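Q: Provided herewith: protein_19.pdb, PDB, N, CA and C atoms.
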ATOM      1  N   MET P   1      21.087 -93.256 -17.289
ATOM      2  CA  MET P   1      19.669 -93.456 -17.501
ATOM      3  C   MET P   1      19.007 -92.169 -17.983
ATOM      4  N   LYS P   2      19.344 -91.034 -17.367
ATOM      5  CA  LYS P   2      18.738 -89.772 -17.769
ATOM      6  C   LYS P   2      19.128 -89.411 -19.198
ATOM      7  N   LYS P   3      20.364 -89.679 -19.540
ATOM      8  CA  LYS P   3      20.824 -89.332 -20.874
ATOM      9  C   LYS P   3      20.079 -90.135 -21.935
ATOM     10  N   SER P   4      19.882 -91.410 -21.701
ATOM     11  CA  SER P   4      19.183 -92.233 -22.686
ATOM     12  C   SER P   4      17.694 -91.876 -22.756
ATOM     13  N   LEU P   5      17.083 -91.526 -21.610
ATOM     14  CA  LEU P   5      15.674 -91.149 -21.606
ATOM     15  C   LEU P   5      15.467 -89.837 -22.355
ATOM     16  N   SER P   6      16.307 -88.844 -22.065
ATOM     17  CA  SER P   6      16.154 -87.562 -22.759
ATOM     18  C   SER P   6      16.469 -87.708 -24.242
ATOM     19  N   HIS P   7      17.444 -88.547 -24.555
ATOM     20  CA  HIS P   7      17.784 -88.757 -25.964
ATOM     21  C   HIS P   7      16.624 -89.418 -26.710
ATOM     22  N   SER P   8      15.984 -90.397 -26.091
ATOM     23  CA  SER P   8      14.868 -91.075 -26.752
ATOM     24  C   SER P   8      13.655 -90.153 -26.885
ATOM     25  N   ILE P   9      13.425 -89.306 -25.888
ATOM     26  CA  ILE P   9      12.309 -88.356 -25.982
ATOM     27  C   ILE P   9      12.542 -87.361 -27.110
ATOM     28  N   LYS P  10      13.756 -86.852 -27.239
ATOM     29  CA  LYS P  10      14.072 -85.922 -28.322
ATOM     30  C   LYS P  10      13.925 -86.596 -29.678
ATOM     31  N   LYS P  11      14.343 -87.835 -29.771
ATOM     32  CA  LYS P  11      14.244 -88.566 -31.031
ATOM     33  C   LYS P  11      12.792 -88.760 -31.435
ATOM     34  N   ILE P  12      11.956 -89.129 -30.469
ATOM     35  CA  ILE P  12      10.535 -89.325 -30.751
ATOM     36  C   ILE P  12       9.878 -88.003 -31.131
ATOM     37  N   TYR P  13      10.225 -86.925 -30.435
ATOM     38  CA  TYR P  13       9.608 -85.629 -30.714
ATOM     39  C   TYR P  13      10.009 -85.118 -32.090
ATOM     40  N   ARG P  14      11.248 -85.350 -32.495
ATOM     41  CA  ARG P  14      11.686 -84.896 -33.813
ATOM     42  C   ARG P  14      11.068 -85.709 -34.930
ATOM     43  N   LYS P  15      10.741 -86.956 -34.635
ATOM     44  CA  LYS P  15      10.177 -87.821 -35.668
ATOM     45  C   LYS P  15       8.760 -87.388 -36.029
ATOM     46  N   GLU P  16       7.915 -87.192 -35.054
ATOM     47  CA  GLU P  16       6.521 -86.785 -35.272
ATOM     48  C   GLU P  16       6.180 -85.645 -34.324
ATOM     49  N   PRO P  17       6.476 -84.394 -34.680
ATOM     50  CA  PRO P  17       6.280 -83.299 -33.730
ATOM     51  C   PRO P  17       4.811 -82.975 -33.433
ATOM     52  N   ILE P  18       3.919 -83.176 -34.379
ATOM     53  CA  ILE P  18       2.520 -82.787 -34.149
ATOM     54  C   ILE P  18       1.862 -83.714 -33.133
ATOM     55  N   SER P  19       2.000 -85.015 -33.332
ATOM     56  CA  SER P  19       1.375 -85.938 -32.378
ATOM     57  C   SER P  19       2.069 -85.863 -31.021
ATOM     58  N   ALA P  20       3.383 -85.625 -30.999
ATOM     59  CA  ALA P  20       4.085 -85.484 -29.720
ATOM     60  C   ALA P  20       3.596 -84.244 -28.973
ATOM     61  N   PHE P  21       3.354 -83.156 -29.688
ATOM     62  CA  PHE P  21       2.831 -81.944 -29.054
ATOM     63  C   PHE P  21       1.456 -82.194 -28.466
ATOM     64  N   ILE P  22       0.604 -82.917 -29.190
ATOM     65  CA  ILE P  22      -0.744 -83.205 -28.690
ATOM     66  C   ILE P  22      -0.672 -84.072 -27.435
ATOM     67  N   ILE P  23       0.224 -85.061 -27.434
ATOM     68  CA  ILE P  23       0.374 -85.929 -26.263
ATOM     69  C   ILE P  23       0.859 -85.122 -25.062
ATOM     70  N   ILE P  24       1.871 -84.286 -25.267
ATOM     71  CA  ILE P  24       2.407 -83.472 -24.163
ATOM     72  C   ILE P  24       1.349 -82.498 -23.652
ATOM     73  N   PHE P  25       0.618 -81.874 -24.559
ATOM     74  CA  PHE P  25      -0.433 -80.940 -24.174
ATOM     75  C   PHE P  25      -1.501 -81.641 -23.332
ATOM     76  N   GLY P  26      -1.880 -82.847 -23.753
ATOM     77  CA  GLY P  26      -2.881 -83.599 -22.996
ATOM     78  C   GLY P  26      -2.398 -83.994 -21.618
ATOM     79  N   PHE P  27      -1.138 -84.445 -21.521
ATOM     80  CA  PHE P  27      -0.614 -84.828 -20.209
ATOM     81  C   PHE P  27      -0.463 -83.616 -19.280
ATOM     82  N   VAL P  28      -0.076 -82.473 -19.821
ATOM     83  CA  VAL P  28       0.033 -81.275 -18.987
ATOM     84  C   VAL P  28      -1.350 -80.863 -18.486
ATOM     85  N   ASP P  29      -2.351 -80.917 -19.348
ATOM     86  CA  ASP P  29      -3.715 -80.605 -18.909
ATOM     87  C   ASP P  29      -4.180 -81.554 -17.814
ATOM     88  N   SER P  30      -3.888 -82.840 -17.983
ATOM     89  CA  SER P  30      -4.342 -83.803 -16.982
ATOM     90  C   SER P  30      -3.594 -83.620 -15.658
ATOM     91  N   ILE P  31      -2.325 -83.276 -15.714
ATOM     92  CA  ILE P  31      -1.573 -83.038 -14.474
ATOM     93  C   ILE P  31      -2.100 -81.804 -13.757
ATOM     94  N   LEU P  32      -2.357 -80.731 -14.521
ATOM     95  CA  LEU P  32      -2.914 -79.523 -13.899
ATOM     96  C   LEU P  32      -4.301 -79.794 -13.306
ATOM     97  N   GLY P  33      -5.105 -80.558 -14.018
ATOM     98  CA  GLY P  33      -6.433 -80.880 -13.504
ATOM     99  C   GLY P  33      -6.370 -81.769 -12.277
ATOM    100  N   GLY P  34      -5.386 -82.651 -12.193
ATOM    101  CA  GLY P  34      -5.254 -83.523 -11.031
ATOM    102  C   GLY P  34      -4.793 -82.772  -9.802
ATOM    103  N   PHE P  35      -3.852 -81.839  -9.964
ATOM    104  CA  PHE P  35      -3.348 -81.075  -8.824
ATOM    105  C   PHE P  35      -4.369 -80.071  -8.319
ATOM    106  N   GLU P  36      -5.104 -79.461  -9.216
ATOM    107  CA  GLU P  36      -6.074 -78.452  -8.816
ATOM    108  C   GLU P  36      -7.457 -79.045  -8.540
ATOM    109  N   GLU P  37      -7.562 -80.355  -8.647
ATOM    110  CA  GLU P  37      -8.804 -81.076  -8.409
ATOM    111  C   GLU P  37      -9.931 -80.601  -9.327
ATOM    112  N   ARG P  38      -9.589 -80.376 -10.538
ATOM    113  CA  ARG P  38     -10.582 -80.027 -11.552
ATOM    114  C   ARG P  38     -10.729 -81.246 -12.457
ATOM    115  N   TRP P  39     -11.810 -81.976 -12.268
ATOM    116  CA  TRP P  39     -11.990 -83.250 -12.948
ATOM    117  C   TRP P  39     -12.266 -83.070 -14.429
ATOM    118  N   THR P  40     -12.875 -81.949 -14.797
ATOM    119  CA  THR P  40     -13.131 -81.742 -16.218
ATOM    120  C   THR P  40     -11.820 -81.524 -16.969
ATOM    121  N   LEU P  41     -10.893 -80.771 -16.360
ATOM    122  CA  LEU P  41      -9.594 -80.546 -17.000
ATOM    123  C   LEU P  41      -8.782 -81.837 -17.033
ATOM    124  N   LEU P  42      -8.882 -82.622 -15.980
ATOM    125  CA  LEU P  42      -8.189 -83.913 -15.940
ATOM    126  C   LEU P  42      -8.727 -84.847 -17.028
ATOM    127  N   SER P  43     -10.043 -84.934 -17.152
ATOM    128  CA  SER P  43     -10.619 -85.830 -18.160
ATOM    129  C   SER P  43     -10.368 -85.321 -19.576
ATOM    130  N   LEU P  44     -10.422 -83.988 -19.760
ATOM    131  CA  LEU P  44     -10.122 -83.420 -21.074
ATOM    132  C   LEU P  44      -8.665 -83.678 -21.450
ATOM    133  N   GLY P  45      -7.759 -83.533 -20.502
ATOM    134  CA  GLY P  45      -6.344 -83.795 -20.761
ATOM    135  C   GLY P  45      -6.091 -85.247 -21.106
ATOM    136  N   LEU P  46      -6.743 -86.161 -20.393
ATOM    137  CA  LEU P  46      -6.579 -87.577 -20.709
ATOM    138  C   LEU P  46      -7.153 -87.916 -22.084
ATOM    139  N   LEU P  47      -8.268 -87.275 -22.421
ATOM    140  CA  LEU P  47      -8.861 -87.486 -23.740
ATOM    141  C   LEU P  47      -7.941 -86.968 -24.844
ATOM    142  N   ILE P  48      -7.357 -85.800 -24.644
ATOM    143  CA  ILE P  48      -6.439 -85.236 -25.640
ATOM    144  C   ILE P  48      -5.183 -86.098 -25.762
ATOM    145  N   ALA P  49      -4.642 -86.567 -24.630
ATOM    146  CA  ALA P  49      -3.458 -87.430 -24.664
ATOM    147  C   ALA P  49      -3.780 -88.755 -25.364
ATOM    148  N   ALA P  50      -4.955 -89.303 -25.118
ATOM    149  CA  ALA P  50      -5.345 -90.541 -25.796
ATOM    150  C   ALA P  50      -5.494 -90.320 -27.295
ATOM    151  N   THR P  51      -6.006 -89.149 -27.680
ATOM    152  CA  THR P  51      -6.110 -88.822 -29.099
ATOM    153  C   THR P  51      -4.734 -88.721 -29.739
ATOM    154  N   GLY P  52      -3.793 -88.102 -29.037
ATOM    155  CA  GLY P  52      -2.427 -88.017 -29.548
ATOM    156  C   GLY P  52      -1.777 -89.376 -29.669
ATOM    157  N   LEU P  53      -2.009 -90.245 -28.690
ATOM    158  CA  LEU P  53      -1.463 -91.599 -28.767
ATOM    159  C   LEU P  53      -2.096 -92.380 -29.916
ATOM    160  N   PHE P  54      -3.391 -92.181 -30.145
ATOM    161  CA  PHE P  54      -4.057 -92.832 -31.262
ATOM    162  C   PHE P  54      -3.503 -92.341 -32.596
ATOM    163  N   MET P  55      -3.252 -91.039 -32.690
ATOM    164  CA  MET P  55      -2.646 -90.496 -33.914
ATOM    165  C   MET P  55      -1.271 -91.095 -34.147
ATOM    166  N   ARG P  56      -0.486 -91.203 -33.086
ATOM    167  CA  ARG P  56       0.846 -91.791 -33.208
ATOM    168  C   ARG P  56       0.755 -93.242 -33.664
ATOM    169  N   TRP P  57      -0.215 -93.979 -33.111
ATOM    170  CA  TRP P  57      -0.387 -95.373 -33.497
ATOM    171  C   TRP P  57      -0.770 -95.488 -34.969
ATOM    172  N   LEU P  58      -1.652 -94.584 -35.435
ATOM    173  CA  LEU P  58      -2.041 -94.601 -36.848
ATOM    174  C   LEU P  58      -0.858 -94.287 -37.756
ATOM    175  N   GLN P  59       0.036 -93.400 -37.319
ATOM    176  CA  GLN P  59       1.181 -93.032 -38.135
ATOM    177  C   GLN P  59       2.229 -94.136 -38.180
ATOM    178  N   THR P  60       2.331 -94.926 -37.128
ATOM    179  CA  THR P  60       3.359 -95.952 -37.105
ATOM    180  C   THR P  60       2.926 -97.237 -37.795
ATOM    181  N   THR P  61       1.617 -97.493 -37.862
ATOM    182  CA  THR P  61       1.173 -98.699 -38.556
ATOM    183  C   THR P  61       1.377 -98.518 -40.046
ATOM    184  N   LYS P  62       1.850 -99.548 -40.665
ATOM    185  CA  LYS P  62       2.095 -99.491 -42.104
ATOM    186  C   LYS P  62       0.774 -99.698 -42.841
ATOM    187  N   PRO P  63       0.534 -98.909 -43.863
ATOM    188  CA  PRO P  63      -0.711 -99.086 -44.605
ATOM    189  C   PRO P  63      -0.678-100.397 -45.403
ATOM    190  N   GLN P  64      -1.842-100.962 -45.583
ATOM    191  CA  GLN P  64      -1.954-102.196 -46.349
ATOM    192  C   GLN P  64      -1.622-101.914 -47.806
ATOM    193  N   LYS P  65      -0.857-102.796 -48.397
ATOM    194  CA  LYS P  65      -0.541-102.637 -49.811
ATOM    195  C   LYS P  65      -1.771-102.981 -50.639
ATOM    196  N   VAL P  66      -2.047-102.136 -51.593
ATOM    197  CA  VAL P  66      -3.186-102.349 -52.462
ATOM    198  C   VAL P  66      -2.722-103.236 -53.614
ATOM    199  N   THR P  67      -3.364-104.356 -53.748
ATOM    200  CA  THR P  67      -2.990-105.248 -54.836
ATOM    201  C   THR P  67      -3.712-104.816 -56.098
ATOM    202  N   THR P  68      -2.972-104.720 -57.157
ATOM    203  CA  THR P  68      -3.565-104.320 -58.427
ATOM    204  C   THR P  68      -3.850-105.567 -59.248
ATOM    205  N   VAL P  69      -4.973-105.542 -59.880
ATOM    206  CA  VAL P  69      -5.363-106.658 -60.727
ATOM    207  C   VAL P  69      -4.660-106.489 -62.064
ATOM    208  N   ALA P  70      -4.022-107.555 -62.521
ATOM    209  CA  ALA P  70      -3.318-107.488 -63.795
ATOM    210  C   ALA P  70      -4.337-107.378 -64.922
ATOM    211  N   ARG P  71      -4.253-106.315 -65.651
ATOM    212  CA  ARG P  71      -5.168-106.108 -66.766
ATOM    213  C   ARG P  71      -4.494-106.543 -68.056
ATOM    214  N   THR P  72      -5.318-106.988 -68.948
ATOM    215  CA  THR P  72      -4.763-107.384 -70.237
ATOM    216  C   THR P  72      -4.409-106.132 -71.018
ATOM    217  N   ARG P  73      -3.294-106.193 -71.692
ATOM    218  CA  ARG P  73      -2.877-105.041 -72.494
ATOM    219  C   ARG P  73      -3.611-105.061 -73.827
ATOM    220  N   ARG P  74      -4.072-103.914 -74.188
ATOM    221  CA  ARG P  74      -4.768-103.798 -75.463
ATOM    222  C   ARG P  74      -3.938-102.887 -76.359
ATOM    223  N   TYR P  75      -3.703-103.362 -77.516
ATOM    224  CA  TYR P  75      -2.909-102.610 -78.474
ATOM    225  C   TYR P  75      -3.821-102.057 -79.555
ATOM    226  N   LEU P  76      -3.322-101.068 -80.256
ATOM    227  CA  LEU P  76      -4.086-100.497 -81.356
ATOM    228  C   LEU P  76      -4.196-101.523 -82.473
ATOM    229  N   PRO P  77      -5.290-101.452 -83.211
ATOM    230  CA  PRO P  77      -5.406-102.397 -84.335
ATOM    231  C   PRO P  77      -4.356-102.063 -85.395
ATOM    232  N   PRO P  78      -4.037-103.009 -86.237
ATOM    233  CA  PRO P  78      -3.036-102.732 -87.270
ATOM    234  C   PRO P  78      -3.523-101.612 -88.187
ATOM    235  N   SER P  79      -2.580-100.801 -88.617
ATOM    236  CA  SER P  79      -2.957 -99.642 -89.436
ATOM    237  C   SER P  79      -3.406-100.097 -90.817
ATOM    238  N   ARG P  80      -4.326 -99.351 -91.331
ATOM    239  CA  ARG P  80      -4.840 -99.643 -92.678
ATOM    240  C   ARG P  80      -4.286 -98.579 -93.606
ATOM    241  N   ASN P  81      -3.681 -98.999 -94.630
ATOM    242  CA  ASN P  81      -3.067 -98.050 -95.570
ATOM    243  C   ASN P  81      -4.087 -97.422 -96.504
ATOM    244  N   ASN P  82      -5.248 -98.002 -96.610
ATOM    245  CA  ASN P  82      -6.218 -97.471 -97.556
ATOM    246  C   ASN P  82      -7.042 -96.321 -96.977
ATOM    247  N   LEU P  83      -6.851 -95.959 -95.712
ATOM    248  CA  LEU P  83      -7.591 -94.841 -95.117
ATOM    249  C   LEU P  83      -6.997 -93.523 -95.583
ATOM    250  N   THR P  84      -7.855 -92.559 -95.804
ATOM    251  CA  THR P  84      -7.379 -91.236 -96.205
ATOM    252  C   THR P  84      -7.017 -90.441 -94.958
ATOM    253  N   PRO P  85      -6.004 -89.603 -95.032
ATOM    254  CA  PRO P  85      -5.639 -88.805 -93.856
ATOM    255  C   PRO P  85      -6.671 -87.717 -93.603
ATOM    256  N   LEU P  86      -6.632 -87.160 -92.414
ATOM    257  CA  LEU P  86      -7.547 -86.081 -92.055
ATOM    258  C   LEU P  86      -7.218 -84.835 -92.853
ATOM    259  N   PRO P  87      -8.219 -84.006 -93.113
ATOM    260  CA  PRO P  87      -7.936 -82.779 -93.858
ATOM    261  C   PRO P  87      -7.148 -81.806 -92.985
ATOM    262  N   PRO P  88      -6.357 -80.933 -93.592
ATOM    263  CA  PRO P  88      -5.589 -79.966 -92.794
ATOM    264  C   PRO P  88      -6.518 -78.942 -92.146
ATOM    265  N   LEU P  89      -6.130 -78.477 -90.973
ATOM    266  CA  LEU P  89      -6.925 -77.493 -90.255
ATOM    267  C   LEU P  89      -6.731 -76.120 -90.874
ATOM    268  N   LYS P  90      -7.761 -75.312 -90.826
ATOM    269  CA  LYS P  90      -7.700 -73.956 -91.366
ATOM    270  C   LYS P  90      -7.781 -72.962 -90.235
ATOM    271  N   ARG P  91      -7.205 -71.801 -90.463
ATOM    272  CA  ARG P  91      -7.291 -70.740 -89.470
ATOM    273  C   ARG P  91      -8.669 -70.092 -89.532
ATOM    274  N   LYS P  92      -9.033 -69.379 -88.477
ATOM    275  CA  LYS P  92     -10.371 -68.764 -88.413
ATOM    276  C   LYS P  92     -10.580 -67.739 -89.525
ATOM    277  N   ARG P  93      -9.548 -67.036 -89.881
ATOM    278  CA  ARG P  93      -9.733 -65.994 -90.904
ATOM    279  C   ARG P  93      -9.981 -66.589 -92.276
ATOM    280  N   ASP P  94      -9.662 -67.884 -92.456
ATOM    281  CA  ASP P  94      -9.911 -68.531 -93.739
ATOM    282  C   ASP P  94     -11.361 -68.952 -93.888
ATOM    283  N   TYR P  95     -12.111 -68.995 -92.769
ATOM    284  CA  TYR P  95     -13.517 -69.368 -92.866
ATOM    285  C   TYR P  95     -14.326 -68.202 -93.373
ATOM    286  N   ARG P  96     -15.330 -68.506 -94.140
ATOM    287  CA  ARG P  96     -16.229 -67.467 -94.639
ATOM    288  C   ARG P  96     -17.617 -67.774 -94.125
ATOM    289  N   PHE P  97     -18.209 -66.789 -93.503
ATOM    290  CA  PHE P  97     -19.549 -66.990 -92.959
ATOM    291  C   PHE P  97     -20.574 -66.338 -93.795
TER     292      PHE P  97
END
Could I get this structure in the form of structure tokens?
A:
Amino acid sequence: MKKSLSHSIKKIYRKEPISAFIIIFGFVDSILGGFEERWTLLSLGLLIAATGLFMRWLQTTKPQKVTTVARTRRYLPPSRNNLTPLPPLKRKRDYRF
């Protein structure tokens, strides 16, 4: 039992280390506040642990797939052979002011 519990805790911690750290930090604060009878530390620790659990829940939920609306493809109009090409570009030194 201990081996499977420690193995699962390590697996969870390696998967999401930031949210796991926040959860552990919150639980340690709440335990210290409970033993020392400091209710503000206990409530702050529970709040931090709940925030970490909420972060973990947000990370595990899959985001909704965004459906894209099929747009009609627009192609260029057919080329016209009677159009004249653009004039060639000149360098700055060729300009006369």
Q: Give me, please, the distance in Å between CA of Phe35 in chain P and CA of Ile18 in chain P, quoted to one decimal.
A: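 A separation of 26.1 Å between them.
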Q: Could you tell me, as a short mmCIF file (atom, residue, chain, number, x, y, z; two decimals) with N, CA and C atoms, keeping the file's coordinate frame, exactly which residues end up selected when the PyMOL selection byres ((chain P and resi 41-51) around 6.5) is applied to this structure?
A:
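Dumped to selection.cif:
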data_model
loop_
_atom_site.label_atom_id
_atom_site.label_comp_id
_atom_site.auth_asym_id
_atom_site.auth_seq_id
_atom_site.Cartn_x
_atom_site.Cartn_y
_atom_site.Cartn_z
N ILE P 22 0.60 -82.92 -29.19
CA ILE P 22 -0.74 -83.20 -28.69
C ILE P 22 -0.67 -84.07 -27.44
N ILE P 23 0.22 -85.06 -27.43
CA ILE P 23 0.37 -85.93 -26.26
C ILE P 23 0.86 -85.12 -25.06
N ILE P 24 1.87 -84.29 -25.27
CA ILE P 24 2.41 -83.47 -24.16
C ILE P 24 1.35 -82.50 -23.65
N PHE P 25 0.62 -81.87 -24.56
CA PHE P 25 -0.43 -80.94 -24.17
C PHE P 25 -1.50 -81.64 -23.33
N GLY P 26 -1.88 -82.85 -23.75
CA GLY P 26 -2.88 -83.60 -23.00
C GLY P 26 -2.40 -83.99 -21.62
N PHE P 27 -1.14 -84.44 -21.52
CA PHE P 27 -0.61 -84.83 -20.21
C PHE P 27 -0.46 -83.62 -19.28
N VAL P 28 -0.08 -82.47 -19.82
CA VAL P 28 0.03 -81.28 -18.99
C VAL P 28 -1.35 -80.86 -18.49
N ASP P 29 -2.35 -80.92 -19.35
CA ASP P 29 -3.72 -80.60 -18.91
C ASP P 29 -4.18 -81.55 -17.81
N SER P 30 -3.89 -82.84 -17.98
CA SER P 30 -4.34 -83.80 -16.98
C SER P 30 -3.59 -83.62 -15.66
N ILE P 31 -2.33 -83.28 -15.71
CA ILE P 31 -1.57 -83.04 -14.47
C ILE P 31 -2.10 -81.80 -13.76
N LEU P 32 -2.36 -80.73 -14.52
CA LEU P 32 -2.91 -79.52 -13.90
C LEU P 32 -4.30 -79.79 -13.31
N GLY P 33 -5.11 -80.56 -14.02
CA GLY P 33 -6.43 -80.88 -13.50
C GLY P 33 -6.37 -81.77 -12.28
N GLY P 34 -5.39 -82.65 -12.19
CA GLY P 34 -5.25 -83.52 -11.03
C GLY P 34 -4.79 -82.77 -9.80
N ARG P 38 -9.59 -80.38 -10.54
CA ARG P 38 -10.58 -80.03 -11.55
C ARG P 38 -10.73 -81.25 -12.46
N TRP P 39 -11.81 -81.98 -12.27
CA TRP P 39 -11.99 -83.25 -12.95
C TRP P 39 -12.27 -83.07 -14.43
N THR P 40 -12.88 -81.95 -14.80
CA THR P 40 -13.13 -81.74 -16.22
C THR P 40 -11.82 -81.52 -16.97
N GLY P 52 -3.79 -88.10 -29.04
CA GLY P 52 -2.43 -88.02 -29.55
C GLY P 52 -1.78 -89.38 -29.67
N LEU P 53 -2.01 -90.24 -28.69
CA LEU P 53 -1.46 -91.60 -28.77
C LEU P 53 -2.10 -92.38 -29.92
N PHE P 54 -3.39 -92.18 -30.14
CA PHE P 54 -4.06 -92.83 -31.26
C PHE P 54 -3.50 -92.34 -32.60
N MET P 55 -3.25 -91.04 -32.69
CA MET P 55 -2.65 -90.50 -33.91
C MET P 55 -1.27 -91.10 -34.15
N ARG P 56 -0.49 -91.20 -33.09
CA ARG P 56 0.85 -91.79 -33.21
C ARG P 56 0.76 -93.24 -33.66
#
Q: Could you work out an axis-aligned box for range 13-26 of chain P, taking every atom the file lists and adding 5 Å on each side, and report centre and edge lengths in Å to one decimal, as AutoDock Vina command-line options?
A:
--center_x 4.4 --center_y -84.4 --center_z -28.8 --size_x 24.6 --size_y 16.9 --size_z 24.4
Q: In Å, how far is it from atom N of Trp57 in chain P to atom C of Ala20 in chain P?
A: 11.2 Å
Q: So what do you get for CA of Lys11 in chain P versus CA of Pro63 in chain P, distance-wise?
A: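 Between CA of Lys11 in chain P and CA of Pro63 in chain P the gap is 22.8 Å.
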